[in-house]
file data-v7.csv (CSV, N, CA and C atoms)
chain,number,residue,atom,x,y,z
A,1,MET,N,18.2,34.6,-19.9
A,1,MET,CA,17.2,34.6,-18.8
A,1,MET,C,16.1,33.6,-19.1
A,2,LYS,N,15.6,33.5,-20.3
A,2,LYS,CA,14.6,32.6,-20.7
A,2,LYS,C,14.9,31.2,-20.4
A,3,LYS,N,16.2,30.8,-20.7
A,3,LYS,CA,16.7,29.4,-20.4
A,3,LYS,C,16.7,29.1,-18.9
A,4,ILE,N,17.1,30.1,-18.1
A,4,ILE,CA,17.2,29.9,-16.7
A,4,ILE,C,15.8,29.7,-16.1
A,5,VAL,N,14.9,30.5,-16.6
A,5,VAL,CA,13.5,30.3,-16.1
A,5,VAL,C,12.9,28.9,-16.5
A,6,SER,N,13.2,28.5,-17.8
A,6,SER,CA,12.8,27.2,-18.2
A,6,SER,C,13.4,26.1,-17.4
A,7,ALA,N,14.7,26.2,-17.1
A,7,ALA,CA,15.3,25.2,-16.3
A,7,ALA,C,14.8,25.1,-14.9
A,8,ALA,N,14.5,26.3,-14.3
A,8,ALA,CA,13.9,26.3,-13.0
A,8,ALA,C,12.5,25.7,-13.0
A,9,CYS,N,11.7,26.0,-14.1
A,9,CYS,CA,10.4,25.4,-14.2
A,9,CYS,C,10.5,23.9,-14.3
A,10,ALA,N,11.5,23.4,-15.1
A,10,ALA,CA,11.6,21.9,-15.2
A,10,ALA,C,12.0,21.3,-13.9
A,11,SER,N,12.9,22.0,-13.2
A,11,SER,CA,13.3,21.4,-11.8
A,11,SER,C,12.1,21.4,-10.9
A,12,LEU,N,11.3,22.4,-10.9
A,12,LEU,CA,10.1,22.5,-10.1
A,12,LEU,C,9.2,21.4,-10.5
A,13,ALA,N,9.0,21.1,-11.7
A,13,ALA,CA,8.1,20.1,-12.2
A,13,ALA,C,8.6,18.7,-11.8
A,14,ALA,N,9.9,18.5,-11.8
A,14,ALA,CA,10.5,17.2,-11.3
A,14,ALA,C,10.2,17.0,-9.8
A,15,VAL,N,10.3,18.1,-9.0
A,15,VAL,CA,10.1,18.0,-7.6
A,15,VAL,C,8.6,17.7,-7.4
A,16,VAL,N,7.7,18.4,-8.1
A,16,VAL,CA,6.3,18.1,-7.9
A,16,VAL,C,5.9,16.7,-8.3
A,17,LEU,N,6.5,16.2,-9.4
A,17,LEU,CA,6.3,14.8,-9.8
A,17,LEU,C,6.7,13.8,-8.8
A,18,ALA,N,7.9,14.0,-8.2
A,18,ALA,CA,8.4,13.1,-7.2
A,18,ALA,C,7.5,13.2,-5.9
A,19,LEU,N,7.0,14.3,-5.6
A,19,LEU,CA,6.1,14.4,-4.4
A,19,LEU,C,4.8,13.8,-4.8
A,20,SER,N,4.3,13.9,-6.0
A,20,SER,CA,3.0,13.4,-6.3
A,20,SER,C,2.9,11.9,-6.4
A,21,VAL,N,4.1,11.2,-6.6
A,21,VAL,CA,4.1,9.7,-6.6
A,21,VAL,C,4.3,9.2,-5.2
A,22,GLY,N,4.5,10.1,-4.2
A,22,GLY,CA,4.6,9.7,-2.8
A,22,GLY,C,5.8,8.9,-2.4
A,23,CYS,N,6.9,9.2,-2.9
A,23,CYS,CA,8.1,8.5,-2.6
A,23,CYS,C,8.8,8.9,-1.3
A,24,SER,N,8.2,8.8,-0.2
A,24,SER,CA,8.9,9.2,1.0
A,24,SER,C,8.2,8.5,2.2
A,25,ASN,N,8.9,8.4,3.3
A,25,ASN,CA,8.3,7.8,4.5
A,25,ASN,C,7.1,8.6,5.0
A,26,SER,N,7.2,10.0,4.8
A,26,SER,CA,6.1,10.8,5.3
A,26,SER,C,4.8,10.5,4.4
A,27,ALA,N,5.0,10.2,3.2
A,27,ALA,CA,3.9,9.8,2.3
A,27,ALA,C,3.2,8.5,2.9
A,28,LEU,N,4.0,7.6,3.3
A,28,LEU,CA,3.5,6.3,3.9
A,28,LEU,C,2.7,6.7,5.2
A,29,ALA,N,3.3,7.5,6.0
A,29,ALA,CA,2.7,7.9,7.3
A,29,ALA,C,1.4,8.7,7.0
A,30,ASP,N,1.4,9.6,6.0
A,30,ASP,CA,0.2,10.4,5.7
A,30,ASP,C,-0.9,9.5,5.2
A,31,ALA,N,-0.6,8.5,4.3
A,31,ALA,CA,-1.6,7.6,3.8
A,31,ALA,C,-2.1,6.7,4.9
A,32,TYR,N,-1.2,6.3,5.8
A,32,TYR,CA,-1.6,5.5,7.0
A,32,TYR,C,-2.6,6.3,7.9
A,33,SER,N,-2.2,7.5,8.2
A,33,SER,CA,-3.1,8.3,9.0
A,33,SER,C,-4.5,8.6,8.4
A,34,TYR,N,-4.4,8.8,7.1
A,34,TYR,CA,-5.7,9.0,6.3
A,34,TYR,C,-6.6,7.8,6.4
A,35,VAL,N,-6.1,6.6,6.2
A,35,VAL,CA,-7.1,5.5,6.2
A,35,VAL,C,-7.5,5.1,7.6
A,36,VAL,N,-6.6,5.3,8.6
A,36,VAL,CA,-6.9,4.9,10.0
A,36,VAL,C,-8.0,5.9,10.5
A,37,SER,N,-7.9,7.1,10.1
A,37,SER,CA,-8.9,8.1,10.6
A,37,SER,C,-10.2,8.0,9.8
A,38,GLY,N,-10.1,7.5,8.6
A,38,GLY,CA,-11.4,7.5,7.8
A,38,GLY,C,-12.1,6.1,7.7
A,39,TYR,N,-11.4,5.1,8.1
A,39,TYR,CA,-12.0,3.7,8.0
A,39,TYR,C,-11.8,3.0,9.3
A,40,SER,N,-12.9,2.6,9.9
A,40,SER,CA,-12.7,1.9,11.2
A,40,SER,C,-12.0,0.6,11.0
A,41,ALA,N,-12.2,-0.1,9.9
A,41,ALA,CA,-11.5,-1.3,9.7
A,41,ALA,C,-10.0,-1.2,9.7
A,42,ALA,N,-9.5,0.0,9.2
A,42,ALA,CA,-8.1,0.2,9.1
A,42,ALA,C,-7.4,0.2,10.4
A,43,SER,N,-8.0,0.6,11.5
A,43,SER,CA,-7.4,0.6,12.8
A,43,SER,C,-7.1,-0.8,13.3
A,44,LEU,N,-7.9,-1.8,12.8
A,44,LEU,CA,-7.6,-3.2,13.1
A,44,LEU,C,-6.6,-3.8,12.2
A,45,CYS,N,-6.5,-3.4,10.9
A,45,CYS,CA,-5.8,-4.1,9.9
A,45,CYS,C,-4.4,-3.5,9.6
A,46,PHE,N,-4.3,-2.2,9.8
A,46,PHE,CA,-3.1,-1.4,9.4
A,46,PHE,C,-2.2,-1.2,10.6
A,47,GLU,N,-0.8,-1.3,10.4
A,47,GLU,CA,0.2,-1.0,11.4
A,47,GLU,C,1.3,-0.2,10.7
A,48,ILE,N,1.9,0.7,11.4
A,48,ILE,CA,3.0,1.4,10.8
A,48,ILE,C,4.2,1.3,11.8
A,49,THR,N,5.4,1.2,11.3
A,49,THR,CA,6.6,1.2,12.1
A,49,THR,C,6.8,2.5,12.8
A,50,SER,N,7.6,2.5,13.9
A,50,SER,CA,7.8,3.8,14.6
A,50,SER,C,8.5,4.9,13.8
A,51,ASP,N,9.3,4.5,12.8
A,51,ASP,CA,10.0,5.5,12.0
A,51,ASP,C,9.2,5.8,10.7
A,52,GLY,N,8.0,5.2,10.5
A,52,GLY,CA,7.2,5.5,9.4
A,52,GLY,C,7.7,4.9,8.1
A,53,SER,N,8.6,4.0,8.1
A,53,SER,CA,9.2,3.5,6.9
A,53,SER,C,8.5,2.3,6.3
A,54,CYS,N,7.6,1.7,7.1
A,54,CYS,CA,6.9,0.5,6.6
A,54,CYS,C,5.5,0.4,7.2
A,55,VAL,N,4.5,0.1,6.3
A,55,VAL,CA,3.2,-0.1,6.7
A,55,VAL,C,2.8,-1.6,6.4
A,56,THR,N,2.2,-2.3,7.4
A,56,THR,CA,1.7,-3.6,7.1
A,56,THR,C,0.2,-3.6,7.2
A,57,VAL,N,-0.4,-4.6,6.5
A,57,VAL,CA,-1.8,-4.7,6.4
A,57,VAL,C,-2.1,-6.2,6.6
A,58,ASP,N,-3.1,-6.5,7.4
A,58,ASP,CA,-3.5,-7.9,7.7
A,58,ASP,C,-5.0,-7.9,7.7
A,59,THR,N,-5.7,-8.5,6.7
A,59,THR,CA,-7.2,-8.5,6.7
A,59,THR,C,-7.8,-9.4,7.7
A,60,ASN,N,-7.0,-10.3,8.3
A,60,ASN,CA,-7.4,-11.2,9.3
A,60,ASN,C,-6.4,-11.2,10.5
A,61,PRO,N,-6.4,-10.0,11.2
A,61,PRO,CA,-5.4,-9.9,12.3
A,61,PRO,C,-5.6,-10.8,13.5
A,62,TYR,N,-6.7,-11.5,13.6
A,62,TYR,CA,-6.9,-12.4,14.7
A,62,TYR,C,-6.6,-13.9,14.3
A,63,ASP,N,-6.3,-14.1,13.0
A,63,ASP,CA,-5.9,-15.4,12.5
A,63,ASP,C,-7.1,-16.4,12.7
A,64,LEU,N,-8.3,-16.0,12.5
A,64,LEU,CA,-9.4,-16.9,12.6
A,64,LEU,C,-9.7,-17.4,11.3
A,65,ASP,N,-10.1,-18.7,11.2
A,65,ASP,CA,-10.4,-19.3,9.9
A,65,ASP,C,-11.6,-18.6,9.2
A,66,ASP,N,-11.4,-18.3,7.9
A,66,ASP,CA,-12.5,-17.7,7.1
A,66,ASP,C,-13.0,-16.4,7.7
A,67,TYR,N,-12.1,-15.6,8.2
A,67,TYR,CA,-12.5,-14.3,8.8
A,67,TYR,C,-11.8,-13.2,7.9
A,68,LEU,N,-12.6,-12.1,7.8
A,68,LEU,CA,-12.1,-10.9,7.1
A,68,LEU,C,-12.7,-9.7,7.8
A,69,VAL,N,-11.8,-8.8,8.1
A,69,VAL,CA,-12.3,-7.6,8.8
A,69,VAL,C,-13.2,-6.8,7.7
A,70,SER,N,-14.4,-6.6,8.1
A,70,SER,CA,-15.3,-5.9,7.2
A,70,SER,C,-14.8,-4.5,6.9
A,71,GLY,N,-14.8,-4.2,5.6
A,71,GLY,CA,-14.3,-2.9,5.1
A,71,GLY,C,-12.8,-2.8,4.9
A,72,SER,N,-12.1,-3.9,5.2
A,72,SER,CA,-10.6,-3.9,5.0
A,72,SER,C,-10.2,-3.7,3.6
A,73,THR,N,-10.9,-4.3,2.7
A,73,THR,CA,-10.5,-4.2,1.3
A,73,THR,C,-10.7,-2.7,0.8
A,74,THR,N,-11.8,-2.1,1.2
A,74,THR,CA,-12.0,-0.7,0.8
A,74,THR,C,-10.9,0.2,1.4
A,75,ALA,N,-10.5,-0.1,2.6
A,75,ALA,CA,-9.5,0.7,3.2
A,75,ALA,C,-8.1,0.5,2.5
A,76,ILE,N,-7.9,-0.7,2.0
A,76,ILE,CA,-6.6,-0.9,1.3
A,76,ILE,C,-6.7,-0.2,0.0
A,77,ARG,N,-7.8,-0.2,-0.7
A,77,ARG,CA,-7.9,0.5,-2.0
A,77,ARG,C,-7.7,2.0,-1.8
A,78,SER,N,-8.3,2.5,-0.7
A,78,SER,CA,-8.1,4.0,-0.4
A,78,SER,C,-6.6,4.3,-0.1
A,79,PHE,N,-6.0,3.4,0.6
A,79,PHE,CA,-4.5,3.5,0.9
A,79,PHE,C,-3.8,3.6,-0.4
A,80,HIS,N,-4.1,2.7,-1.3
A,80,HIS,CA,-3.4,2.7,-2.6
A,80,HIS,C,-3.7,4.0,-3.4
A,81,ASP,N,-4.9,4.5,-3.3
A,81,ASP,CA,-5.2,5.8,-4.0
A,81,ASP,C,-4.4,6.9,-3.4
A,82,ARG,N,-4.3,6.9,-2.1
A,82,ARG,CA,-3.6,8.0,-1.4
A,82,ARG,C,-2.1,8.0,-1.7
A,83,LEU,N,-1.5,6.8,-2.0
A,83,LEU,CA,-0.1,6.6,-2.4
A,83,LEU,C,0.1,6.8,-3.9
A,84,GLY,N,-1.0,6.9,-4.6
A,84,GLY,CA,-0.9,7.1,-6.1
A,84,GLY,C,-0.5,5.8,-6.8
A,85,LEU,N,-0.8,4.7,-6.2
A,85,LEU,CA,-0.5,3.4,-6.8
A,85,LEU,C,-1.5,3.1,-8.0
A,86,PRO,N,-1.0,2.5,-9.0
A,86,PRO,CA,-1.9,2.1,-10.1
A,86,PRO,C,-2.9,1.0,-9.7
A,87,ASP,N,-4.0,1.0,-10.4
A,87,ASP,CA,-5.1,0.0,-10.1
A,87,ASP,C,-4.6,-1.5,-10.2
A,88,TYR,N,-3.6,-1.7,-11.1
A,88,TYR,CA,-3.2,-3.1,-11.3
A,88,TYR,C,-2.7,-3.8,-10.0
A,89,ILE,N,-2.1,-3.0,-9.1
A,89,ILE,CA,-1.6,-3.5,-7.9
A,89,ILE,C,-2.8,-4.2,-7.1
A,90,TRP,N,-3.9,-3.5,-6.9
A,90,TRP,CA,-5.0,-4.2,-6.2
A,90,TRP,C,-5.5,-5.4,-7.0
A,91,THR,N,-5.6,-5.2,-8.3
A,91,THR,CA,-6.1,-6.4,-9.2
A,91,THR,C,-5.2,-7.6,-8.9
A,92,GLU,N,-3.9,-7.4,-9.0
A,92,GLU,CA,-3.0,-8.5,-8.7
A,92,GLU,C,-3.1,-9.1,-7.3
A,93,MET,N,-3.3,-8.2,-6.3
A,93,MET,CA,-3.5,-8.7,-4.9
A,93,MET,C,-4.7,-9.5,-4.8
A,94,SER,N,-5.8,-9.0,-5.4
A,94,SER,CA,-7.1,-9.7,-5.3
A,94,SER,C,-7.2,-11.0,-6.1
A,95,GLN,N,-6.3,-11.2,-7.0
A,95,GLN,CA,-6.2,-12.4,-7.8
A,95,GLN,C,-5.2,-13.4,-7.3
A,96,THR,N,-4.4,-13.1,-6.3
A,96,THR,CA,-3.4,-14.0,-5.8
A,96,THR,C,-4.0,-15.2,-5.1
A,97,ARG,N,-3.4,-16.3,-5.4
A,97,ARG,CA,-3.8,-17.6,-4.8
A,97,ARG,C,-2.8,-18.0,-3.8
A,98,TYR,N,-3.2,-18.8,-2.8
A,98,TYR,CA,-2.3,-19.3,-1.8
A,98,TYR,C,-1.1,-20.0,-2.4
A,99,LEU,N,-1.3,-20.7,-3.5
A,99,LEU,CA,-0.2,-21.5,-4.2
A,99,LEU,C,0.8,-20.5,-4.8
A,100,ASP,N,0.4,-19.3,-5.0
A,100,ASP,CA,1.3,-18.3,-5.7
A,100,ASP,C,2.4,-17.8,-4.8
A,101,GLY,N,2.3,-18.0,-3.5
A,101,GLY,CA,3.3,-17.6,-2.5
A,101,GLY,C,3.3,-16.1,-2.4
A,102,ARG,N,4.4,-15.6,-1.8
A,102,ARG,CA,4.6,-14.1,-1.6
A,102,ARG,C,4.9,-13.5,-3.0
A,103,GLN,N,4.2,-12.4,-3.3
A,103,GLN,CA,4.3,-11.7,-4.5
A,103,GLN,C,5.0,-10.3,-4.1
A,104,THR,N,5.8,-9.8,-5.0
A,104,THR,CA,6.4,-8.5,-4.8
A,104,THR,C,6.4,-7.7,-6.0
A,105,GLU,N,6.1,-6.4,-5.8
A,105,GLU,CA,6.0,-5.5,-7.0
A,105,GLU,C,6.7,-4.2,-6.5
A,106,MET,N,7.4,-3.6,-7.4
A,106,MET,CA,8.1,-2.3,-7.2
A,106,MET,C,7.4,-1.3,-8.1
A,107,VAL,N,6.8,-0.2,-7.5
A,107,VAL,CA,6.1,0.8,-8.3
A,107,VAL,C,6.1,2.1,-7.6
A,108,ASN,N,6.3,3.2,-8.4
A,108,ASN,CA,6.3,4.5,-7.8
A,108,ASN,C,7.2,4.7,-6.6
A,109,GLY,N,8.3,4.0,-6.6
A,109,GLY,CA,9.3,4.2,-5.5
A,109,GLY,C,8.9,3.4,-4.3
A,110,TYR,N,8.0,2.5,-4.3
A,110,TYR,CA,7.6,1.6,-3.2
A,110,TYR,C,7.8,0.2,-3.6
A,111,VAL,N,8.2,-0.6,-2.6
A,111,VAL,CA,8.2,-2.1,-2.7
A,111,VAL,C,7.0,-2.6,-1.9
A,112,ILE,N,6.2,-3.3,-2.6
A,112,ILE,CA,4.9,-3.8,-2.1
A,112,ILE,C,5.0,-5.3,-2.2
A,113,SER,N,4.8,-6.0,-1.1
A,113,SER,CA,4.8,-7.5,-1.1
A,113,SER,C,3.5,-7.9,-0.4
A,114,TRP,N,3.0,-9.1,-0.8
A,114,TRP,CA,1.8,-9.6,-0.2
A,114,TRP,C,1.7,-11.1,-0.4
A,115,THR,N,0.9,-11.7,0.4
A,115,THR,CA,0.6,-13.1,0.4
A,115,THR,C,-0.9,-13.3,0.7
A,116,TYR,N,-1.5,-14.3,0.3
A,116,TYR,CA,-2.9,-14.6,0.5
A,116,TYR,C,-3.1,-16.0,0.9
A,117,HIS,N,-3.9,-16.3,1.9
A,117,HIS,CA,-4.4,-17.6,2.3
A,117,HIS,C,-5.9,-17.6,2.4
A,118,PRO,N,-6.6,-18.5,1.9
A,118,PRO,CA,-8.1,-18.4,1.9
A,118,PRO,C,-8.7,-18.4,3.3
A,119,ASP,N,-8.0,-19.0,4.3
A,119,ASP,CA,-8.4,-19.0,5.7
A,119,ASP,C,-7.9,-17.8,6.4
A,120,MET,N,-6.7,-17.4,6.1
A,120,MET,CA,-6.0,-16.3,6.9
A,120,MET,C,-6.1,-14.9,6.3
A,121,GLY,N,-6.5,-14.8,5.1
A,121,GLY,CA,-6.7,-13.5,4.4
A,121,GLY,C,-5.4,-13.0,3.7
A,122,LEU,N,-5.5,-11.7,3.5
A,122,LEU,CA,-4.4,-11.0,2.7
A,122,LEU,C,-3.5,-10.3,3.7
A,123,GLU,N,-2.2,-10.5,3.6
A,123,GLU,CA,-1.2,-9.8,4.3
A,123,GLU,C,-0.3,-9.0,3.4
A,124,ALA,N,-0.1,-7.7,3.6
A,124,ALA,CA,0.8,-6.9,2.7
A,124,ALA,C,1.7,-6.0,3.5
A,125,THR,N,2.8,-5.7,2.8
A,125,THR,CA,3.8,-4.8,3.4
A,125,THR,C,4.2,-3.8,2.3
A,126,TYR,N,4.2,-2.5,2.8
A,126,TYR,CA,4.5,-1.4,1.9
A,126,TYR,C,5.7,-0.7,2.5
A,127,ARG,N,6.7,-0.5,1.7
A,127,ARG,CA,7.9,0.3,2.2
A,127,ARG,C,8.5,1.1,1.0
A,128,TYR,N,9.2,2.1,1.4
A,128,TYR,CA,9.9,2.9,0.5
A,128,TYR,C,11.1,2.2,-0.1
A,129,ALA,N,11.3,2.2,-1.4
A,129,ALA,CA,12.5,1.5,-2.0
A,129,ALA,C,13.7,2.4,-1.9
A,130,ASN,N,14.7,2.1,-1.0
A,130,ASN,CA,15.8,2.9,-0.9
A,130,ASN,C,17.0,2.5,-1.8
call {"tool": "encode", "arguments": {"input": "data-v7.csv", "output": "structure tokens"}}
result
Amino acid sequence: MKKIVSAACASLAAVVLALSVGCSNSALADAYSYVVSGYSAASLCFEITSDGSCVTVDTNPYDLDDYLVSGSTTAIRSFHDRLGLPDYIWTEMSQTRYLDGRQTEMVNGYVISWTYHPDMGLEATYRYAN
């Protein structure tokens, strides 16, 4: 009986861990809803696909030279926190140069890719790795 209870606890712990790292489309949709409702900049910068499988971010959605939506970087960091992404993702994003091209990272069950241009801003895509 003790072994059955231990196995059940281990299985429950695995489910809780999987949920805590946010590896589902609903986690993307929840994080998207959270930032859009909490940050006015997010409503300009963030978009989600109709099935909730992909979120895109554009800090310069109007493609104006040297323009950045005020508060967009704070919204992105909040989005990362909501998805449980490690801080190094934002660090790498913020240090990307135009010459670096598109960068891709897979972490916590998500594929995150981004590019940066000094005039056009940061563009990023978040999707569940299937």
call {"tool": "select_by_dssp", "arguments": {"input": "data-v7.csv", "residues": "stretch 4-129 of chain A", "states": "alpha helix (DSSP H)", "output": "PyMOL selection string"}}
result
chain A and resi 4-20+25-38+40-45+72-83+87-94
call {"tool": "residues_around", "arguments": {"input": "data-v7.csv", "residues": "A:Arg102", "least_positions_apart": "6", "cutoff": "7 Å", "atoms": "only C-alpha atoms", "output": "NGL selection string"}}
result
:A and (113-115)
call {"tool": "residues_around", "arguments": {"input": "data-v7.csv", "residues": "A:Ser72", "least_positions_apart": "4", "cutoff": "8 Å", "atoms": "all atoms listed in the file", "output": "VMD selection string"}}
result
chain A and resid 40 to 42 45 58 to 59 68 76 to 78
call {"tool": "residues_around", "arguments": {"input": "data-v7.csv", "residues": "A:Met93", "least_positions_apart": "4", "cutoff": "8 Å", "atoms": "only N, CA and C atoms", "output": "short mmCIF file (atom, residue, chain, number, x, y, z; two decimals) with N, CA and C atoms, in the frame of the given file"}}
result
data_model
loop_
_atom_site.label_atom_id
_atom_site.label_comp_id
_atom_site.auth_asym_id
_atom_site.auth_seq_id
_atom_site.Cartn_x
_atom_site.Cartn_y
_atom_site.Cartn_z
N ASP A 87 -4.00 1.00 -10.40
CA ASP A 87 -5.10 0.00 -10.10
C ASP A 87 -4.60 -1.50 -10.20
N TYR A 88 -3.60 -1.70 -11.10
CA TYR A 88 -3.20 -3.10 -11.30
C TYR A 88 -2.70 -3.80 -10.00
N ILE A 89 -2.10 -3.00 -9.10
CA ILE A 89 -1.60 -3.50 -7.90
C ILE A 89 -2.80 -4.20 -7.10
N ARG A 97 -3.40 -16.30 -5.40
CA ARG A 97 -3.80 -17.60 -4.80
C ARG A 97 -2.80 -18.00 -3.80
N TRP A 114 3.00 -9.10 -0.80
CA TRP A 114 1.80 -9.60 -0.20
C TRP A 114 1.70 -11.10 -0.40
N THR A 115 0.90 -11.70 0.40
CA THR A 115 0.60 -13.10 0.40
C THR A 115 -0.90 -13.30 0.70
N TYR A 116 -1.50 -14.30 0.30
CA TYR A 116 -2.90 -14.60 0.50
C TYR A 116 -3.10 -16.00 0.90
N LEU A 122 -5.50 -11.70 3.50
CA LEU A 122 -4.40 -11.00 2.70
C LEU A 122 -3.50 -10.30 3.70
#
call {"tool": "atom_distance", "arguments": {"input": "data-v7.csv", "atom1": "atom N of A:Asn60", "atom2": "atom CA of A:Met120"}}
result
6.2 Å
call {"tool": "closest_residue", "arguments": {"input": "data-v7.csv", "among": "A:Ser26, A:Ser33, A:Asn130, A:Ser94", "to": "A:Val111", "atoms": "all atoms listed in the file"}}
result
A:Asn130
call {"tool": "atom_distance", "arguments": {"input": "data-v7.csv", "atom1": "atom CA of A:Glu123", "atom2": "atom C of A:Leu28"}}
result
17.0 Å
call {"tool": "atom_distance", "arguments": {"input": "data-v7.csv", "atom1": "atom CA of A:Gln103", "atom2": "atom CA of A:Thr91"}}
result
12.6 Å
call {"tool": "build_atoms", "arguments": {"input": "data-v7.csv", "residues": "stretch 57-64 of chain A", "atoms": "all heavy atoms", "output": "tab-separated table (two decimals), in the coordinates of the input"}}
result
chain	number	residue	atom	x	y	z
A	57	VAL	N	-0.40	-4.60	6.50
A	57	VAL	CA	-1.80	-4.70	6.40
A	57	VAL	C	-2.10	-6.20	6.60
A	57	VAL	O	-1.48	-7.05	5.98
A	57	VAL	CB	-2.44	-4.23	5.12
A	57	VAL	CG1	-3.94	-4.42	5.11
A	57	VAL	CG2	-2.09	-2.78	4.87
A	58	ASP	N	-3.10	-6.50	7.40
A	58	ASP	CA	-3.50	-7.90	7.70
A	58	ASP	C	-5.00	-7.90	7.70
A	58	ASP	O	-5.62	-7.35	8.67
A	58	ASP	CB	-2.92	-8.44	8.97
A	58	ASP	CG	-3.22	-9.91	9.20
A	58	ASP	OD1	-4.05	-10.50	8.48
A	58	ASP	OD2	-2.61	-10.47	10.13
A	59	THR	N	-5.70	-8.50	6.70
A	59	THR	CA	-7.20	-8.50	6.70
A	59	THR	C	-7.80	-9.40	7.70
A	59	THR	O	-9.00	-9.44	7.82
A	59	THR	CB	-7.69	-8.75	5.26
A	59	THR	OG1	-7.27	-10.07	4.86
A	59	THR	CG2	-7.21	-7.70	4.26
A	60	ASN	N	-7.00	-10.30	8.30
A	60	ASN	CA	-7.40	-11.20	9.30
A	60	ASN	C	-6.40	-11.20	10.50
A	60	ASN	O	-5.71	-12.12	10.74
A	60	ASN	CB	-7.51	-12.62	8.71
A	60	ASN	CG	-8.05	-13.65	9.68
A	60	ASN	OD1	-8.33	-13.36	10.83
A	60	ASN	ND2	-8.17	-14.88	9.23
A	61	PRO	N	-6.40	-10.00	11.20
A	61	PRO	CA	-5.40	-9.90	12.30
A	61	PRO	C	-5.60	-10.80	13.50
A	61	PRO	O	-4.62	-11.02	14.22
A	61	PRO	CB	-5.62	-8.44	12.73
A	61	PRO	CG	-7.03	-8.12	12.38
A	61	PRO	CD	-7.32	-8.90	11.13
A	62	TYR	N	-6.70	-11.50	13.60
A	62	TYR	CA	-6.90	-12.40	14.70
A	62	TYR	C	-6.60	-13.90	14.30
A	62	TYR	O	-6.74	-14.76	15.10
A	62	TYR	CB	-8.38	-12.31	15.17
A	62	TYR	CG	-8.76	-10.90	15.55
A	62	TYR	CD1	-9.76	-10.23	14.86
A	62	TYR	CD2	-8.11	-10.23	16.58
A	62	TYR	CE1	-10.10	-8.92	15.19
A	62	TYR	CE2	-8.44	-8.93	16.92
A	62	TYR	CZ	-9.44	-8.29	16.21
A	62	TYR	OH	-9.77	-7.00	16.54
A	63	ASP	N	-6.30	-14.10	13.00
A	63	ASP	CA	-5.90	-15.40	12.50
A	63	ASP	C	-7.10	-16.40	12.70
A	63	ASP	O	-6.80	-17.55	13.13
A	63	ASP	CB	-4.61	-15.90	13.04
A	63	ASP	CG	-3.43	-15.10	12.51
A	63	ASP	OD1	-3.55	-14.54	11.40
A	63	ASP	OD2	-2.41	-15.02	13.20
A	64	LEU	N	-8.30	-16.00	12.50
A	64	LEU	CA	-9.40	-16.90	12.60
A	64	LEU	C	-9.70	-17.40	11.30
A	64	LEU	O	-9.64	-16.74	10.24
A	64	LEU	CB	-10.66	-16.10	13.14
A	64	LEU	CG	-10.51	-15.39	14.48
A	64	LEU	CD1	-11.71	-14.51	14.76
A	64	LEU	CD2	-10.32	-16.42	15.59
